[in-house]
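To be precise, the following lines are model-v2.txt, and they hold compact mmCIF, C-alpha atoms.
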# COMPACT_ATOMS: atom_id res chain seq x y z
CA MET H 1 -24.14 -54.46 37.26
CA SER H 2 -20.85 -53.33 38.73
CA SER H 3 -18.92 -55.87 36.63
CA ILE H 4 -20.52 -54.51 33.46
CA TYR H 5 -19.56 -50.99 34.52
CA THR H 6 -16.00 -52.13 35.25
CA ASN H 7 -15.71 -53.83 31.87
CA LEU H 8 -16.92 -50.70 30.13
CA VAL H 9 -14.35 -48.58 31.92
CA LEU H 10 -11.57 -51.04 31.08
CA THR H 11 -12.67 -51.16 27.46
CA LEU H 12 -12.68 -47.37 27.25
CA PHE H 13 -9.26 -47.21 28.91
CA ILE H 14 -7.78 -49.73 26.45
CA ALA H 15 -9.37 -47.86 23.54
CA LEU H 16 -7.78 -44.63 24.72
CA LEU H 17 -4.39 -46.29 25.06
CA ASN H 18 -4.63 -47.48 21.48
CA LEU H 19 -5.47 -44.09 20.00
CA PRO H 20 -2.79 -42.99 17.51
CA ILE H 21 -0.41 -40.54 19.15
CA SER H 22 -0.21 -37.28 17.19
CA ASN H 23 3.19 -36.78 15.63
CA PRO H 24 5.03 -33.65 14.43
CA THR H 25 3.55 -33.90 10.93
CA TYR H 26 0.10 -33.03 12.29
CA THR H 27 0.97 -29.36 12.63
CA ASN H 28 2.43 -29.41 9.13
CA GLU H 29 -0.85 -30.84 7.91
CA THR H 30 -2.63 -27.97 9.63
CA ASP H 31 -0.61 -25.61 7.43
CA MET H 32 -1.45 -27.62 4.31
CA HIS H 33 -5.19 -27.61 5.08
CA ALA H 34 -5.06 -23.86 5.78
CA LEU H 35 -3.38 -23.25 2.41
CA LEU H 36 -5.94 -25.41 0.58
CA ALA H 37 -8.75 -23.48 2.29
CA PHE H 38 -7.00 -20.26 1.21
CA LYS H 39 -6.88 -21.55 -2.38
CA SER H 40 -10.51 -22.72 -2.42
CA ASN H 41 -11.77 -19.18 -1.85
CA PHE H 42 -10.18 -17.76 -4.99
CA GLN H 43 -10.77 -17.61 -8.68
CA ASP H 44 -7.35 -18.07 -10.22
CA PRO H 45 -7.47 -17.07 -13.90
CA LEU H 46 -3.67 -16.82 -14.19
CA GLY H 47 -3.08 -20.27 -12.69
CA ALA H 48 -0.87 -18.89 -9.91
CA LEU H 49 -2.03 -21.69 -7.59
CA ASN H 50 -1.84 -24.56 -10.07
CA SER H 51 1.08 -26.09 -8.19
CA TRP H 52 -0.99 -26.20 -4.99
CA ASN H 53 -1.82 -29.92 -5.04
CA ASP H 54 -0.62 -33.15 -3.44
CA SER H 55 1.89 -33.91 -6.21
CA VAL H 56 4.54 -31.92 -4.33
CA HIS H 57 5.06 -30.86 -0.72
CA PHE H 58 3.29 -27.59 0.11
CA CYS H 59 6.63 -25.94 0.89
CA SER H 60 7.33 -26.17 -2.86
CA TRP H 61 4.06 -24.53 -3.88
CA GLN H 62 4.35 -21.25 -5.74
CA GLY H 63 4.51 -18.27 -3.39
CA VAL H 64 4.98 -20.41 -0.26
CA SER H 65 8.12 -20.31 1.89
CA CYS H 66 8.83 -22.61 4.85
CA GLY H 67 11.28 -22.75 7.69
CA ARG H 68 14.07 -25.31 7.30
CA ARG H 69 13.76 -26.76 10.76
CA HIS H 70 10.04 -27.36 11.29
CA ARG H 71 8.85 -27.12 7.66
CA ARG H 72 6.11 -24.72 8.70
CA VAL H 73 4.85 -21.93 6.43
CA THR H 74 6.74 -18.70 7.16
CA ALA H 75 5.76 -16.54 4.17
CA LEU H 76 3.12 -16.09 1.45
CA ASN H 77 4.29 -13.99 -1.49
CA LEU H 78 1.63 -13.82 -4.21
CA ASN H 79 1.77 -10.22 -5.39
CA ALA H 80 0.08 -9.49 -8.72
CA SER H 81 -1.11 -13.09 -9.13
CA GLY H 82 -4.61 -12.30 -10.42
CA LEU H 83 -6.37 -13.83 -7.41
CA VAL H 84 -10.03 -12.89 -7.04
CA GLY H 85 -12.08 -13.56 -3.92
CA PRO H 86 -12.14 -13.27 -0.11
CA LEU H 87 -9.35 -14.21 2.27
CA SER H 88 -10.09 -17.45 4.08
CA PRO H 89 -10.27 -17.20 7.89
CA TYR H 90 -8.14 -20.36 7.94
CA ILE H 91 -5.16 -18.12 7.18
CA GLY H 92 -5.19 -17.61 10.95
CA ASN H 93 -4.01 -21.24 11.37
CA LEU H 94 -0.62 -20.49 9.77
CA SER H 95 0.84 -19.94 13.21
CA PHE H 96 4.49 -19.70 12.10
CA ILE H 97 3.92 -17.21 9.30
CA ARG H 98 5.94 -13.98 9.36
CA VAL H 99 5.18 -12.42 5.96
CA ILE H 100 1.91 -12.10 4.02
CA ARG H 101 2.25 -10.16 0.76
CA LEU H 102 -0.76 -10.24 -1.55
CA ALA H 103 -0.52 -6.85 -3.26
CA ASN H 104 -2.18 -6.08 -6.60
CA ASN H 105 -4.79 -8.82 -6.64
CA THR H 106 -8.56 -8.52 -6.22
CA LEU H 107 -9.00 -9.57 -2.61
CA GLN H 108 -12.60 -8.99 -1.56
CA GLY H 109 -14.66 -8.96 1.61
CA GLU H 110 -13.40 -8.14 5.07
CA LEU H 111 -9.98 -8.69 6.57
CA PRO H 112 -10.37 -11.89 8.65
CA SER H 113 -10.06 -11.23 12.38
CA GLN H 114 -8.18 -14.54 12.63
CA ILE H 115 -5.11 -12.73 11.31
CA GLY H 116 -4.91 -11.24 14.80
CA HIS H 117 -3.86 -14.72 16.05
CA LEU H 118 -0.63 -14.71 14.01
CA PHE H 119 1.65 -13.49 16.79
CA ARG H 120 4.80 -14.06 14.70
CA LEU H 121 3.55 -11.89 11.80
CA GLN H 122 5.98 -9.10 10.85
CA ASP H 123 4.74 -7.91 7.43
CA LEU H 124 1.10 -7.67 6.32
CA SER H 125 1.06 -6.05 2.87
CA LEU H 126 -2.28 -6.15 1.03
CA PRO H 127 -2.28 -2.90 -1.00
CA PHE H 128 -4.20 -2.39 -4.25
CA ASN H 129 -7.04 -4.81 -3.61
CA SER H 130 -10.78 -4.48 -2.88
CA LEU H 131 -10.91 -5.30 0.82
CA GLU H 132 -13.87 -3.78 2.68
CA GLY H 133 -15.13 -3.28 6.20
CA LYS H 134 -13.16 -2.27 9.26
CA ILE H 135 -9.66 -3.16 10.38
CA PRO H 136 -9.97 -5.81 13.11
CA THR H 137 -9.02 -4.29 16.45
CA ASN H 138 -7.26 -7.50 17.48
CA LEU H 139 -4.46 -6.71 15.02
CA SER H 140 -3.17 -4.77 18.02
CA GLN H 141 -2.11 -8.19 19.42
CA LEU H 142 0.48 -8.58 16.65
CA SER H 143 3.40 -7.49 18.78
CA SER H 144 5.94 -8.42 16.07
CA LEU H 145 4.20 -6.48 13.27
CA GLY H 146 6.53 -4.00 11.55
CA VAL H 147 4.70 -3.33 8.25
CA LEU H 148 0.97 -2.80 7.74
CA ASN H 149 0.11 -1.75 4.18
CA LEU H 150 -3.56 -1.56 3.17
CA VAL H 151 -3.27 1.24 0.60
CA SER H 152 -5.93 1.42 -2.12
CA ASN H 153 -8.62 -0.76 -0.58
CA LYS H 154 -12.13 0.11 0.60
CA ILE H 155 -11.39 0.03 4.30
CA GLU H 156 -13.87 1.93 6.49
CA GLY H 157 -13.95 3.22 10.03
CA GLY H 158 -10.41 4.51 10.32
CA ILE H 159 -7.40 3.09 12.07
CA PRO H 160 -8.28 1.44 15.38
CA ARG H 161 -6.84 3.41 18.27
CA GLU H 162 -5.35 0.19 19.62
CA LEU H 163 -2.90 -0.05 16.70
CA GLY H 164 -1.04 2.94 18.08
CA GLY H 165 0.41 0.60 20.70
CA LEU H 166 2.16 -1.77 18.30
CA PRO H 167 5.74 -1.61 19.56
CA LYS H 168 7.59 -2.63 16.39
CA LEU H 169 5.45 -0.93 13.73
CA TRP H 170 7.71 1.13 11.44
CA GLU H 171 5.65 1.39 8.25
CA LEU H 172 1.94 2.17 8.14
CA SER H 173 0.31 2.78 4.76
CA LEU H 174 -3.44 3.18 4.77
CA TRP H 175 -5.95 5.51 3.19
CA SER H 176 -8.20 6.08 6.17
CA ALA H 177 -8.48 8.24 9.31
CA ILE H 178 -5.50 9.44 11.39
CA PRO H 179 -5.59 8.50 15.08
CA ILE H 180 -3.81 10.70 17.63
CA SER H 181 -2.45 7.51 19.19
CA LEU H 182 -0.35 6.95 16.07
CA SER H 183 2.48 8.80 17.81
CA ASN H 184 2.79 5.85 20.21
CA ALA H 185 4.15 3.64 17.42
CA SER H 186 7.65 4.95 18.00
CA ASP H 187 9.32 2.83 15.29
CA LEU H 188 7.22 4.25 12.44
CA GLU H 189 9.34 5.35 9.47
CA HIS H 190 6.78 5.67 6.66
CA ILE H 191 3.23 7.07 6.87
CA GLU H 192 1.24 7.26 3.64
CA PHE H 193 -2.34 8.51 3.89
CA ALA H 194 -2.52 10.21 0.49
CA ASN H 195 -5.50 10.53 -1.87
CA ASN H 196 -8.35 9.93 0.53
CA SER H 197 -11.03 11.89 2.42
CA PHE H 198 -9.28 12.72 5.68
CA VAL H 199 -10.83 15.50 7.72
CA GLY H 200 -9.77 17.34 10.87
CA LYS H 201 -6.31 18.43 11.90
CA VAL H 202 -2.98 16.73 11.44
CA PRO H 203 -2.01 15.42 14.91
CA ALA H 204 0.40 17.82 16.56
CA ASN H 205 2.34 15.04 18.32
CA LEU H 206 3.86 13.32 15.28
CA GLY H 207 7.21 14.80 16.24
CA SER H 208 7.60 12.00 18.77
CA LEU H 209 8.13 9.64 15.80
CA GLN H 210 11.86 10.27 15.70
CA ARG H 211 12.51 7.58 13.09
CA LEU H 212 9.99 9.06 10.66
CA ARG H 213 11.35 9.42 7.11
CA VAL H 214 8.22 9.85 4.99
CA LEU H 215 4.94 11.64 5.76
CA LEU H 216 2.51 11.79 2.83
CA LEU H 217 -0.89 13.38 3.50
CA SER H 218 -1.65 14.98 0.13
CA ILE H 219 -5.04 15.12 -1.63
CA ASN H 220 -7.37 14.93 1.37
CA SER H 221 -9.78 17.27 3.15
CA LEU H 222 -7.57 17.99 6.12
CA GLY H 223 -8.17 21.29 7.88
CA ARG H 224 -10.81 24.02 7.77
CA GLY H 225 -8.60 27.00 7.09
CA GLU H 226 -8.18 27.74 10.80
CA ALA H 227 -5.21 29.64 12.20
CA ASP H 228 -3.58 26.81 14.15
CA GLU H 229 -3.67 24.08 11.51
CA ALA H 230 -0.04 24.49 10.43
CA ASN H 231 1.19 24.01 13.99
CA PHE H 232 1.87 20.32 13.43
CA LEU H 233 4.93 21.40 11.46
CA ASN H 234 6.52 22.65 14.69
CA SER H 235 6.74 19.18 16.21
CA LEU H 236 8.16 17.66 13.03
CA THR H 237 11.44 19.51 13.64
CA ASN H 238 12.16 16.66 16.07
CA CYS H 239 12.08 14.18 13.16
CA THR H 240 15.72 14.54 12.18
CA MET H 241 15.54 11.69 9.63
CA LEU H 242 12.60 13.15 7.68
CA GLU H 243 13.12 12.98 3.88
CA ARG H 244 9.64 13.64 2.42
CA LEU H 245 6.93 15.86 3.87
CA GLU H 246 3.93 16.39 1.60
CA VAL H 247 0.52 17.82 2.55
CA LEU H 248 -0.50 19.12 -0.88
CA VAL H 249 -4.12 19.74 -1.86
CA ASN H 250 -5.84 20.04 1.53
CA ARG H 251 -7.56 22.86 3.45
CA LEU H 252 -4.89 23.48 6.05
CA GLY H 253 -4.82 27.08 7.21
CA GLY H 254 -2.61 29.27 9.34
CA THR H 255 0.80 30.86 9.03
CA LEU H 256 3.67 28.74 7.79
CA PRO H 257 5.78 28.62 10.98
CA ASN H 258 9.38 29.76 11.04
CA SER H 259 10.24 26.39 12.54
CA VAL H 260 10.16 24.78 9.09
CA GLY H 261 13.62 26.27 8.70
CA ASN H 262 14.73 23.74 11.31
CA LEU H 263 13.33 20.68 9.56
CA SER H 264 15.62 17.75 8.84
CA ILE H 265 18.70 18.42 6.73
CA GLN H 266 17.80 15.11 5.05
CA LEU H 267 14.61 16.65 3.60
CA ARG H 268 14.39 16.14 -0.17
CA SER H 269 10.76 17.05 -0.80
CA PHE H 270 8.55 19.61 0.99
CA GLY H 271 5.08 20.10 -0.47
CA VAL H 272 2.42 22.41 0.98
CA ALA H 273 0.84 23.86 -2.17
CA ASP H 274 -2.93 24.13 -2.63
CA ASN H 275 -3.75 24.76 1.02
CA GLN H 276 -4.86 27.91 2.83
CA MET H 277 -1.54 28.60 4.50
CA TYR H 278 0.08 31.99 4.16
CA GLY H 279 3.30 33.75 5.11
CA GLU H 280 6.86 33.50 3.88
CA ILE H 281 9.27 30.60 3.70
CA PRO H 282 11.94 31.28 6.34
CA MET H 283 15.33 32.44 5.17
CA GLY H 284 17.90 29.69 4.88
CA PHE H 285 15.35 26.91 4.48
CA GLU H 286 16.86 24.38 2.07
CA TYR H 287 15.75 21.04 0.81
CA GLY H 288 15.99 18.93 -2.32
CA LEU H 289 19.64 17.83 -2.46
CA GLY H 290 20.91 21.09 -1.02
CA SER H 291 19.27 23.39 -3.55
CA LYS H 292 17.76 26.75 -2.67
CA VAL H 293 14.06 26.91 -1.98
CA SER H 294 11.80 26.98 -5.00
CA MET H 295 8.56 25.41 -6.17
CA LYS H 296 10.52 22.37 -7.35
CA GLY H 297 9.66 20.45 -4.17
CA ASP H 298 5.95 20.83 -4.80
CA VAL H 299 6.46 19.91 -8.46
CA TYR H 300 8.19 16.72 -7.33
CA SER H 301 5.23 15.87 -5.13
CA TYR H 302 2.77 16.45 -7.97
CA GLY H 303 4.85 14.21 -10.22
CA ILE H 304 4.88 11.31 -7.77
CA LEU H 305 1.15 11.67 -7.11
CA LEU H 306 0.41 11.69 -10.83
CA LEU H 307 2.42 8.49 -11.38
CA GLU H 308 0.70 6.86 -8.40
CA MET H 309 -2.76 7.64 -9.77
CA ILE H 310 -1.93 6.39 -13.27
CA THR H 311 -0.20 3.16 -12.25
CA GLU H 312 -2.01 2.54 -8.94
CA ARG H 313 1.39 1.77 -7.45
CA SER H 314 2.83 3.43 -4.38
CA PRO H 315 6.54 4.35 -4.17
CA ILE H 316 6.78 1.63 -1.50
CA ASP H 317 5.04 -1.02 -3.61
CA PRO H 318 6.68 -4.44 -3.10
CA VAL H 319 7.56 -4.60 -6.81
CA PHE H 320 10.05 -1.77 -6.31
CA ALA H 321 13.11 -3.64 -5.12
CA ASN H 322 16.73 -4.03 -6.19
CA GLY H 323 17.05 -0.39 -7.21
CA LEU H 324 13.74 -0.13 -9.10
CA SER H 325 11.60 2.89 -8.20
CA LEU H 326 8.25 4.32 -9.28
CA TYR H 327 10.19 6.90 -11.31
CA ASN H 328 12.24 4.25 -13.17
CA TYR H 329 9.18 2.03 -13.56
CA ALA H 330 7.38 4.81 -15.44
CA LEU H 331 10.44 6.03 -17.32
CA ASN H 332 11.25 2.56 -18.66
CA ALA H 333 7.70 2.21 -20.02
CA LEU H 334 7.95 5.31 -22.22
CA PRO H 335 6.75 5.46 -24.91
CA ASP H 336 5.91 2.00 -26.25
CA ARG H 337 5.13 0.09 -23.04
CA VAL H 338 2.89 2.57 -21.27
CA MET H 339 -0.16 0.36 -21.72
CA GLU H 340 1.53 -2.34 -19.63
CA ILE H 341 1.69 -0.18 -16.51
CA VAL H 342 -1.50 1.86 -16.67
CA LYS H 343 -4.39 1.12 -14.33
CA LEU H 344 -6.21 4.42 -14.80
CA LYS H 345 -9.63 4.58 -16.43
CA LEU H 346 -10.54 7.44 -18.73
CA PRO H 347 -13.96 8.42 -20.06
CA SER H 348 -14.88 7.54 -23.61
CA ASN H 349 -17.87 7.61 -25.90
CA HIS H 350 -18.33 3.91 -25.16
CA GLY H 351 -18.52 4.28 -21.37
CA ASP H 352 -15.92 4.19 -18.67
CA GLU H 353 -13.32 1.67 -19.83
CA VAL H 354 -9.76 0.66 -19.12
CA LEU H 355 -7.35 2.21 -21.55
CA PRO H 356 -6.72 0.00 -24.59
CA THR H 357 -3.80 -2.41 -24.64
CA ALA H 358 -1.73 -3.76 -27.48
CA SER H 359 -3.93 -6.85 -27.59
CA ASN H 360 -7.06 -4.88 -28.45
CA ASN H 361 -6.78 -5.26 -32.21
CA ASN H 362 -10.41 -5.90 -33.09
CA ARG H 363 -11.53 -2.30 -32.97
CA SER H 364 -13.56 -0.22 -35.34
CA GLY H 365 -11.90 2.79 -36.97
CA GLU H 366 -13.60 5.19 -34.56
CA GLU H 367 -12.62 3.13 -31.52
CA SER H 368 -9.07 2.80 -32.82
CA ARG H 369 -8.79 6.58 -33.26
CA GLU H 370 -10.18 7.14 -29.79
CA GLY H 371 -7.77 4.57 -28.35
CA ASN H 372 -4.81 6.29 -29.97
CA GLN H 373 -5.90 9.63 -28.55
CA MET H 374 -6.24 8.13 -25.10
CA LYS H 375 -2.78 6.63 -25.39
CA GLU H 376 -1.44 10.03 -26.43
CA CYS H 377 -2.99 11.50 -23.28
CA LEU H 378 -1.50 8.77 -21.16
CA VAL H 379 2.00 9.16 -22.61
CA SER H 380 1.82 12.91 -21.97
CA MET H 381 0.71 12.40 -18.37
CA ILE H 382 3.46 9.89 -17.63
CA LYS H 383 6.04 12.19 -19.20
CA ILE H 384 4.84 14.98 -16.92
CA GLY H 385 5.06 12.71 -13.88
CA VAL H 386 8.56 11.56 -14.80
CA SER H 387 9.79 15.07 -15.59
CA CYS H 388 8.48 16.40 -12.27
CA SER H 389 9.94 13.63 -10.13
CA MET H 390 13.56 13.65 -11.24
CA ASP H 391 16.08 13.50 -8.39
CA SER H 392 17.72 16.81 -9.17
CA PRO H 393 15.41 19.82 -8.57
CA GLN H 394 17.20 21.73 -11.32
CA ASN H 395 16.12 19.12 -13.87
CA ARG H 396 12.45 19.02 -12.88
CA MET H 397 9.72 20.42 -15.07
CA ASP H 398 8.73 24.03 -14.47
CA LEU H 399 5.31 24.49 -12.90
CA THR H 400 4.17 26.71 -15.76
CA ASP H 401 5.01 23.95 -18.25
CA VAL H 402 3.20 21.39 -16.11
CA ILE H 403 0.00 23.45 -16.21
CA ARG H 404 0.29 23.99 -19.96
CA GLU H 405 0.79 20.27 -20.66
CA LEU H 406 -2.09 19.26 -18.41
CA TYR H 407 -4.40 21.68 -20.22
CA PHE H 408 -3.31 20.04 -23.46
CA VAL H 409 -4.34 16.62 -22.11
CA LYS H 410 -7.59 18.07 -20.75
CA ARG H 411 -8.47 19.46 -24.18
CA ILE H 412 -8.03 16.06 -25.84
CA LEU H 413 -10.19 14.36 -23.21
CA GLU H 414 -12.92 16.97 -23.66
CA GLU H 415 -12.92 16.28 -27.40
CA LEU H 416 -13.35 12.56 -26.71
CA GLU H 417 -16.34 13.26 -24.45
CA ALA H 418 -17.98 15.57 -26.96

Just give me the structure of the file as structure tokens.
Amino acid sequence: MSSIYTNLVLTLFIALLNLPISNPTYTNETDMHALLAFKSNFQDPLGALNSWNDSVHFCSWQGVSCGRRHRRVTALNLNASGLVGPLSPYIGNLSFIRVIRLANNTLQGELPSQIGHLFRLQDLSLPFNSLEGKIPTNLSQLSSLGVLNLVSNKIEGGIPRELGGLPKLWELSLWSAIPISLSNASDLEHIEFANNSFVGKVPANLGSLQRLRVLLLSINSLGRGEADEANFLNSLTNCTMLERLEVLVNRLGGTLPNSVGNLSIQLRSFGVADNQMYGEIPMGFEYGLGSKVSMKGDVYSYGILLLEMITERSPIDPVFANGLSLYNYALNALPDRVMEIVKLKLPSNHGDEVLPTASNNNRSGEESREGNQMKECLVSMIKIGVSCSMDSPQNRMDLTDVIRELYFVKRILEELEA
């Protein structure tokens, strides 16, 4: 019996010795399998992933970048690729990845918690998609993360308190709740929480973010008209690099503090209109390229917000590089190419539909007339946005003219609904 046992042990030992030793390509294959799992989850009507097959190395696949030394995936750049479907949890196996940019697709479902395993990740940009659910709390483990952009998704539950401890986070763009712990992310430069349903007060400790350049909190439900709700402005005097401060269209109450006169000399836009604040703007307060105080700062803010709503693109959208801005993007589309940039839906007699494009030629006379009127509205709205957001305050549209033009558009839309 013992000899049989001995033979079995020897046989097992020899079998183990003859197992193939894993080589460096195994980890590369892990990346390839993760990418194929990523692909398998998507509908791909534009064929953005057609090159993702075994005819070429995965480092040559569209949107994939690899490191030269280890040939591991370091970046996924598939913005505006028409992808539809959920993110595969296997994305968490791309252990060398530093950049994930999947803006302007139709990503669905929840953000996989496996992303929290990507300890090298520096940029997670997934704006303008249809992601749902809560932000995984284990994203707080991403100690290298500098950019987190989840603007224009369906994220619920607010920002996990744990994310306030990310040491290298400098840009956070998310339409959700504002945690007090946000002030712990000392490298933050850009905060965009516009056009959502925020409630409560603006945290009074944001002044500790001394690298902050942009704070956009417009079009929310912040505040209840209480006397101390403008106090957050006091701490922002410590943000000496601040360029844009916009809290338009909220319920913030209280007296506009004299301390706003000490805000950053870099400030180009200061928007507080449509709140419940009162008082006078302190003497000597200047912003907007050195001009004297006027309503032009608020007009600028309205213009940018209008262009954001029409195009569904943020001023920090990844497409705006090499000198391109939201302003130039809209200006260059006027008047003949507006249909190429619009994402807004307007009401019509035929239901809620995307505005017509140049390819929609098979229309009845009534539908064609309606489409032309909608395009006229759209051109007018983009012109307003562009005119309000010019760099020089002196060249921006007057607020009275803005109101008059918007009423003109409103009248056309009411006729279409009639």

Is it possible to get the residues within 12 Å of (0.9, 6.4, 0.6) (coordinates as in the file, counting only C-alpha atoms) written as an MDAnalysis selection string?
chainID H and resid 127:128 148:153 171:176 190:196 214:220 244:247 301 304:305 308:309 312:317

Near Arg213 of chain H, counting all atoms listed in the file, which residues have an atom at most 6 Å away, once you skip same-chain residues fewer than 5 positions from it, shown as a PyMOL selection string?
chain H and resi 189-190+241-243

Using Å and a single decimal, report how far atom CA of Glu340 of chain H sits from atom CA of Leu46 of chain H.
16.3 Å

Write out as a ChimeraX atom specification which residues come within 8 Å of Asp274 of chain H when counting only C-alpha atoms, dropping same-chain ones fewer than 3 positions away.
/H:248-251

Set the distance at 8 Å and use only C-alpha atoms: which residues neighbour segment 402-412 of chain H once local chain neighbours fewer than 4 positions away are removed? I'd like the list as a list in words.
Gln373, Cys377, Ser380, Met381, Ile384, Met397, Asp398 and Leu416 of chain H

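Atom CA of Arg98 of chain H is found 8.7 Å from atom CA of Leu76 of chain H.
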
Counting only C-alpha atoms, closest pick from H:Val199, H:Leu111, H:Leu326, H:Val147 relative to Leu222 of chain H is H:Val199

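Shortest atom-to-atom contact with Ile310 of chain H among H:Pro179, H:Gly116, H:Pro203, H:Gly385: H:Gly385, counting only C-alpha atoms.
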
Which one is closest to Phe96 of chain H: H:Ser113, H:Leu83, H:Asn53, H:Arg120? Count only C-alpha atoms.
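Checking each candidate against Phe96 of chain H, we get H:Arg120 as the closest.
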
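Across the model, the gap from atom CA of Ser88 of chain H to atom CA of Arg101 of chain H is 14.7 Å.
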
For Gln210 of chain H, please output as a PyMOL selection string all residues within 9 Å (counting only C-alpha atoms; exclusion window: fewer than 5 positions along the same chain).
chain H and resi 186-189+236+238-242

Please list as a PyMOL selection string every residue within 9 Å of Trp52 of chain H, counting all atoms listed in the file and excluding residues in the same chain fewer than 2 positions away.
chain H and resi 35-36+39+48-50+54-58+60-62

Quick one: of H:Tyr300, H:Lys343, H:Gly225, H:Arg337, who's nearest to Ser387 of chain H, counting all atoms listed in the file?
H:Tyr300

Generate N, CA and C atoms for segment 132-143 of chain H and emit them as a CSV table (one decimal), keeping the file's coordinate frame.
chain,number,residue,atom,x,y,z
H,132,GLU,N,-12.9,-4.7,2.1
H,132,GLU,CA,-13.9,-3.8,2.7
H,132,GLU,C,-14.0,-3.9,4.2
H,133,GLY,N,-14.9,-3.2,4.8
H,133,GLY,CA,-15.1,-3.3,6.2
H,133,GLY,C,-14.1,-2.6,7.0
H,134,LYS,N,-14.0,-2.9,8.3
H,134,LYS,CA,-13.2,-2.3,9.3
H,134,LYS,C,-11.9,-3.1,9.5
H,135,ILE,N,-10.9,-2.4,10.0
H,135,ILE,CA,-9.7,-3.2,10.4
H,135,ILE,C,-9.9,-3.8,11.7
H,136,PRO,N,-9.7,-5.1,11.8
H,136,PRO,CA,-10.0,-5.8,13.1
H,136,PRO,C,-9.1,-5.2,14.2
H,137,THR,N,-9.8,-4.9,15.3
H,137,THR,CA,-9.0,-4.3,16.4
H,137,THR,C,-8.0,-5.2,17.0
H,138,ASN,N,-8.2,-6.6,16.9
H,138,ASN,CA,-7.3,-7.5,17.5
H,138,ASN,C,-5.9,-7.6,16.7
H,139,LEU,N,-5.8,-6.8,15.6
H,139,LEU,CA,-4.5,-6.7,15.0
H,139,LEU,C,-3.5,-6.1,16.0
H,140,SER,N,-4.0,-5.4,17.0
H,140,SER,CA,-3.2,-4.8,18.0
H,140,SER,C,-2.4,-5.8,18.8
H,141,GLN,N,-2.8,-7.1,18.7
H,141,GLN,CA,-2.1,-8.2,19.4
H,141,GLN,C,-0.9,-8.6,18.7
H,142,LEU,N,-0.7,-8.1,17.5
H,142,LEU,CA,0.5,-8.6,16.6
H,142,LEU,C,1.7,-7.8,17.1
H,143,SER,N,2.3,-8.2,18.2
H,143,SER,CA,3.4,-7.5,18.8
H,143,SER,C,4.7,-7.5,17.9
